Each structure stands twice: as C-alpha cells, then as structure tokens.
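Asks: The following block contains the structure, expressed as structure tokens.
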Amino acid sequence: MGFLCHRDVEVVLMNLLPTMRRFAAGLLACAAVMSSQAATKKAAHSTTAKTSTSSKASAAKAKGKTTASSAKSKKASSGVRARSSRARRVQTRTVMVRGRRRVVRSVRYVEHFSAPSFASNADMITMGDQTAGEDPMVRASLIEALGNMNGTALAIDPQNGRILAMVNQKQALGPGAEPCSTIKLTVALAALSEGIITKDTPVNLGRGYRVNLTYALARSINPYFEELGRQMGFATVKRYANQFGLGELAGYNIAGEQLGVYPDQPLPASKGGVGRMCSFGESIEMTPLQLGAIVAAIANGGSLYYLQHPTTPAEVADFQPRLKRTLDIQKYIPEMLPGMAGAVDASYGTARSLRTNFSEFPVLGKTGTCSDSGTRFGWFAGYGDGPTGRIVTVFFLTGGRPTFGPKAAELTGRFYQALSSKSYFQQHAVPQLAGVPVTGQATAPASGQRAPVVLPASSIPATEPTGTPQNAPVPTAPCVNGSTAC
C-alpha cells in the first residue's frame with residue numbers, strides 16, 4: 001500500500017468537510033431539543049407543585065365540613081356534582097399457569113373521604129334544636145340511636161304529617177343532598193303507575209339476567225331502575241317526582257326549611273342520562289323532610305301531607321293536619337311492600353343490619369349510599385308497623401367510610417329498640433290527632449277527595465314472599481362497607 005501525497009490528503013478532507021458540517025449541525029439541533037424539553041419539564045413540575053400546595057390548602061380549609069349543604073356549594077353548572085377523589089392502588093400476586101409462575105398485576109381505585117363520620121362532641125349535633133313541641137320519648141330515642149354520628153334523624157306520624165321529633169334540625173331543614181338509592185321508591189311508583197311493570201314482572205338486564213321489582217328493591221339493583229328510567233323517559237320521571245313532592249317544600253310554615261333541587265333537564269348521556277338519575281339520584285337534591293313525606297304517603301295509603309313541626313305545647317294542642325294532595329298510588333302500594341320488607345328481612349337485603357338491634361315487629365324501608373366531594377351519604381327511610389300505630393323514620397348520615405346506608409338502617413333499629421325499652425308502645429298509641437285534614441291554604445278538602453286509607457296489617461309481609469326471581473343469583477355479600485350500590 002502506497003503513501004498518500006499531501007495533495008491527495010487535501011482532496012479527501014475537502015470531500016469529508018460537508019458531511020462533517022451536517023453531522024455537527026445535527027448534534028447542535030439535538031442539543032437544542034433536549035434543552036427545550038428539560039425546560040418544559042421543569043416548568044410543568046413547578047406548576048404541579050404549586051397546584052398541589054393550593055389543593056392541600058383548600059382541603060385543609062374545607063376539613064370538617066360534613067353537611068350536605070357544603071357539598072351542594074361545589075356543584076358544577078351542569079348539575080352533576082364532582083365525585084370524591086380516588087387513589088390508584090396497584091397489587092401484585094404470583095400465580096401458577098401451566099406449571100410456570102406468572103406475576104399478575106391488579107389495579108383498584110379507592111375513594112378518599114375528608115369528612116368525619118363522628119362528632120367530637122355529641123351535644124353539638126342537637127345544639128339549637130327547638131324541642132318544646134316534640135314527643136320527649138321519641139326525641140330521646142332518636143338521640144340515643146344517632147349517638148355521635150354526624151347526621152340527622154326524624155320521626156313522623158304518617159296519619160297527619162306531624163313531626164314527632166327532629167334531631168339536628170339545622171341539617172334536616174337544609175338544602176338536602178343526593179338521595180342515592182332512596183330515589184328508587186319514586187321511580188318504582190312511577191313505573192307501576194305507568195303500567196310498565198308489576199312486582200313480579202321480570203326485567204331483562206342483559207345476558208339472561210332478569211329480576212323483578214321485589215328483588216330489585218330489596219337488593220337495590222341499579223341496572224333495573226336505570227332500565228325503568230330509560231323506558232319512561234325524563235319527562236315522565238320528572239312529572240311523577242314533582243307529584244310526589246320533589247322540587248317543593250315538604251313542610252308547612254317550618255322556619256328555615258330549604259327546597260332541595262329537581263333539575264329541569266336530564267343528565268347528559270355521557271353522564272348516564274335519565275337512567276343514572278333513577279338509580280342513584282344523580283343531579284337531584286332531596287331533603288330528609290321530602291323523603292319522609294313520600295314514605296309517610298306510602299305508609300298511610302296515598303295522602304301526601306304537609307309536614308308540621310309544632311314548637312310549643314299550644315301548637316300541639318291546636319294541631320290540624322294539612323293535606324297537600326292525594327296521590328293515586330293506593331293500588332300500587334301492595335306491589336311495593338314486599339321489596340321494602342325484603343330490604344330489611346331478606347338475607348340479601350341492604351337494610352338487614354336493622355335486625356341486629358330490633359325484631360319485634362315489621363319494619364319496611366329503603367337504603368341509599370353515595371358520595372360527593374369527599375363526603376359520603378348514608379340514608380335509610382322507612383316505617384315500623386308497630387302494635388299501636390306506624391312511625392315513619394328518616395336517618396341521614398354524612399361522613400367518611402363508616403357512613404353508608406346499612407349503617408343508617410342499623411341506627412333505625414336502635415331507635416325502635418330504644419322506644420321499646422322505654423315501653424313506648426305499651427304506654428300509648430302514636431298520636432292520632434282529631435280533626436279533618438285541611439289544605440295548605442287552611443280550607444276544607446274538596447268534596448270528592450278521599451280520606452287517608454290505612455292498609456290492613458295483614459298486607460305487611462315480614463319477609464319477601466315471592467322469593468328470589470329465577471335467573472337472579474343471590475349475592476353472598478350484597479352490601480359491604482365500601483359499596484355505593486346500596
């Protein structure tokens with residue numbers, strides 16, 4: 001191999017020079033891109049840190065606000081309220097597949113709740129309540145049952161609309177909250193009234209899964225009521241809801257009572273539409289008094305009374321029932337009762353925790369559990385068919401993970417047990433005040449208006465009489481502590 005002369009080396013270098021220039025330009029371009037990405041990442045990290053700091057400050061400021069009214073103030077303009085924050089939890093486990101070990105990863109999303117379920121001082125719950133016109137034994141039993149849990153409880157005489165006692169009146173008279181699964185009572189009555197179902201009609205929920213109303217109420221089957229809502233449509237669902245008292249004051253001249261909300265437009269389809277409204281009550285805000293009035297109408301045969309809360313002995317002595325309107329639901333109530341009884345007495349009922357404290361006579365009702373902006377709601381509304389009359393109760397709890405519908409049902413059982421231990425049912429009947437019910441305008445009822453009808457005791461089943469529908473498996477754990485479907 002010969003040597004290159006000076007001229008040959010110069011020619012080679014001249015040929016390589018453009019390539020080397022392009023290579024150097026490429027390196028400079030890559031360096032510029034990397035520098036830009038680093039600057040962008042640094043700016044994003046700074047923004048995230050500031051947002052996190054702001055969020056923590058806001059959370060600290062909001063900590064301790066447990067009432068439904070605080071949740072309402074955070075409602076979006078669309079009427080759909082933000083759900084609780086969720087944490088992503090990844091779990092791994094090793095399994096054997098065809099003799100080989102495989103690592104399986106599973107992801108769970110767990111809600112975080114910032115609201116406390118228990119009050120640091122139970123006396124704060126009842127502070128400011130007006131009690132001079134209440135039944136002292138009923139009030140004492142409600143307080144004993146509620147304990148130090150954050151929430152409200154009330155008892156109503158369904159035959160005249162008198163509130164016998166109301167604990168934590170500030171919250172009971174507040175703007176309300178999402179009714180969760182208790183909205184299913186009004187949806188079921190609407191579907192029965194429209195002739196879409198009877199209590200035994202099997203509704204196909206897909207893949208051969210069919211359930212009837214009795215099982216769906218007792219087990220709180222969300223897809224069942226979503227399907228009923230879609231079949232009826234928003235206009236029909238809203239018409240019945242308004243007829244049953246949603247969107248209007250439930251009380252008559254009760255100072256401080258607020259209205260609640262029933263929207264004029266359905267949820268967007270992307271949010272679940274009218275189906276979601278009929279299973280969870282999404283975008284609806286119901287007050288404890290509104291729910292109590294609806295259950296009282298079921299208990300008395302269809303008379304929707306204005307609820308009244310006497311605040312002095314003189315108001316108790318002069319009490320006059322005030323009938324708001326008569327609901328055309330009397331013939332459909334027997335279709336509702338097996339499901340409401342099954343919620344308490346069936347092995348899969350969402351309110352079966354009530355029976356851990358009380359079993360002396362039938363209690364019928366409906367639970368509800370859902371959450372909003374770090375606060376969890378637990379509802380139970382129903383009535384006990386006691387030996388001396390019926391008492392409607394509503395327990396509404398707010399808080400964190402210990403707060404849910406079955407807990408509210410458990411406290412209802414404690415209430416009836418407390419009454420029984422005080423010999424309440426042996427001492428006197430539930431007050432049945434004399435007098436013809438009058439309307440909210442204090443005028444006599446119209447001449448064709450029927451009087452309240454008391455259903456015979458034989459129509460109140462102690463357990464679900466129709467059993468579990470065919471093709472509907474009975475879950476072994478229908479309502480656990482973390483569930484939102486009950």
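Chain identifiers are assigned as A, B, and so on, following the order in which chains appear in the structure tokens; residues are numbered from 1 within each chain, and ligands are numbered from 1 in order of appearance.
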Write down as a PyMOL selection string the residues of range 155-259 of chain A whose backbone DSSP state falls under strand (DSSP E or B).
Replies: chain A and resi 155-157+162-167+177+203-204+210-211+251
Asks: Give me the residues within 10 Å of range 361-363 of chain A as an MDAnalysis selection string, counting only C-alpha atoms and dropping any in the same chain fewer than 6 places off.
Replies: chainID A and resid 340:345 351 354:355 382:387 390:392 412:413 416 457 460:463
Asks: Between A:Lys184, A:Phe415, A:Arg276, A:Asp135, which is the closest to Pro310 in chain A once you count only C-alpha atoms?
Replies: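 When distances to Pro310 in chain A are compared using only C-alpha atoms, the smallest one comes from A:Asp135.
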Asks: For a quick check of understanding, using only C-alpha atoms, which of A:Ala191, A:Ile125, A:Ala418, A:Leu289 has the smallest distance to Ala155 in chain A?
Replies: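 Selected residue with least distance to Ala155 in chain A: A:Leu289.
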Asks: Which residue, A:Leu327, A:Ala250, A:Leu173, A:Leu397, has the smallest gap to Glu410 in chain A when you use only C-alpha atoms?
Replies: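 Distance minimum relative to Glu410 in chain A lands on A:Leu397.
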Asks: DSSP on the backbone: what in range 388-429 of chain A comes out alpha helix (DSSP H), as a list of chain:residue names?
Replies: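 Restricting range 388-429 of chain A to alpha helix (DSSP H) produces A:Gly405, A:Pro406, A:Lys407, A:Ala408, A:Ala409, A:Glu410, A:Leu411, A:Thr412, A:Gly413, A:Arg414, A:Phe415, A:Tyr416, A:Gln417, A:Ala418, A:Leu419, A:Ser420, A:Ser421, A:Tyr424, A:Phe425, A:Gln426, A:Gln427.
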Asks: Which residue gives the smallest distance to Leu154 in chain A among A:Ser141, A:Thr214, A:Gln258, A:Ser420, with only C-alpha atoms counted?
Replies: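 The closest residue to Leu154 in chain A is A:Ser141.
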Asks: Calculate how many Å separate CA of Gln265 in chain A from CA of Tyr332 in chain A, rounding to one decimal.
Replies: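 Pair CA of Gln265 in chain A / CA of Tyr332 in chain A returns 27.6 Å.
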Asks: Just the number, please: distance in Å from CA of Phe380 in chain A to CA of Leu185 in chain A, one decimal.
Replies: 11.7 Å
Asks: Excluding Leu213 in chain A and any residue of its chain fewer than 5 positions from it, enumerate the residues within 8 Å of it, using only C-alpha atoms, and give them as a PDB file with N, CA and C atoms, in the first residue's frame.
Replies:
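Final file, part_26.pdb:
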ATOM      1  N   ALA A 188     -89.999   3.470  41.252  1.00  0.00           N
ATOM      2  CA  ALA A 188     -90.835   2.261  41.254  1.00  0.00           C
ATOM      3  C   ALA A 188     -92.316   2.633  41.209  1.00  0.00           C
ATOM      4  N   ILE A 197     -94.557  -2.175  34.735  1.00  0.00           N
ATOM      5  CA  ILE A 197     -94.220  -3.381  35.492  1.00  0.00           C
ATOM      6  C   ILE A 197     -95.294  -3.664  36.525  1.00  0.00           C
ATOM      7  N   THR A 198     -95.242  -4.876  37.065  1.00  0.00           N
ATOM      8  CA  THR A 198     -95.842  -5.224  38.342  1.00  0.00           C
ATOM      9  C   THR A 198     -94.685  -5.696  39.225  1.00  0.00           C
ATOM     10  N   LYS A 199     -94.979  -6.060  40.443  1.00  0.00           N
ATOM     11  CA  LYS A 199     -93.887  -6.502  41.319  1.00  0.00           C
ATOM     12  C   LYS A 199     -93.251  -7.799  40.838  1.00  0.00           C
ATOM     13  N   ASP A 200     -93.966  -8.557  40.004  1.00  0.00           N
ATOM     14  CA  ASP A 200     -93.445  -9.849  39.551  1.00  0.00           C
ATOM     15  C   ASP A 200     -92.927  -9.825  38.115  1.00  0.00           C
ATOM     16  N   THR A 201     -92.996  -8.678  37.444  1.00  0.00           N
ATOM     17  CA  THR A 201     -92.551  -8.610  36.047  1.00  0.00           C
ATOM     18  C   THR A 201     -91.038  -8.748  35.963  1.00  0.00           C
ATOM     19  N   PRO A 202     -90.536  -9.774  35.271  1.00  0.00           N
ATOM     20  CA  PRO A 202     -89.076  -9.873  35.116  1.00  0.00           C
ATOM     21  C   PRO A 202     -88.582  -8.873  34.078  1.00  0.00           C
ATOM     22  N   MET A 336     -95.281  -2.528  46.249  1.00  0.00           N
ATOM     23  CA  MET A 336     -94.026  -2.009  46.773  1.00  0.00           C
ATOM     24  C   MET A 336     -93.590  -2.711  48.054  1.00  0.00           C
ATOM     25  N   GLY A 339     -90.826  -5.667  48.455  1.00  0.00           N
ATOM     26  CA  GLY A 339     -89.442  -5.250  48.249  1.00  0.00           C
ATOM     27  C   GLY A 339     -88.909  -4.425  49.406  1.00  0.00           C
TER      28      GLY A 339
END
Asks: Pick from A:Gln290, A:Ser423, A:Gln308, A:Gln330: nearest to Ala381 in chain A, with only C-alpha atoms counted?
Replies: A:Gln290
Asks: Between CA of Arg322 in chain A and CA of Leu249 in chain A, measure the distance and give it in Å to one decimal.
Replies: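 We find that CA of Arg322 in chain A and CA of Leu249 in chain A lie 13.4 Å from each other.
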Asks: A:Gly281, A:Gly147, A:Pro223, A:Gly195: which is nearest Glu335 in chain A, counting only C-alpha atoms?
Replies: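 Of A:Gly281, A:Gly147, A:Pro223, A:Gly195, the one nearest Glu335 in chain A is A:Gly195, counting only C-alpha atoms.
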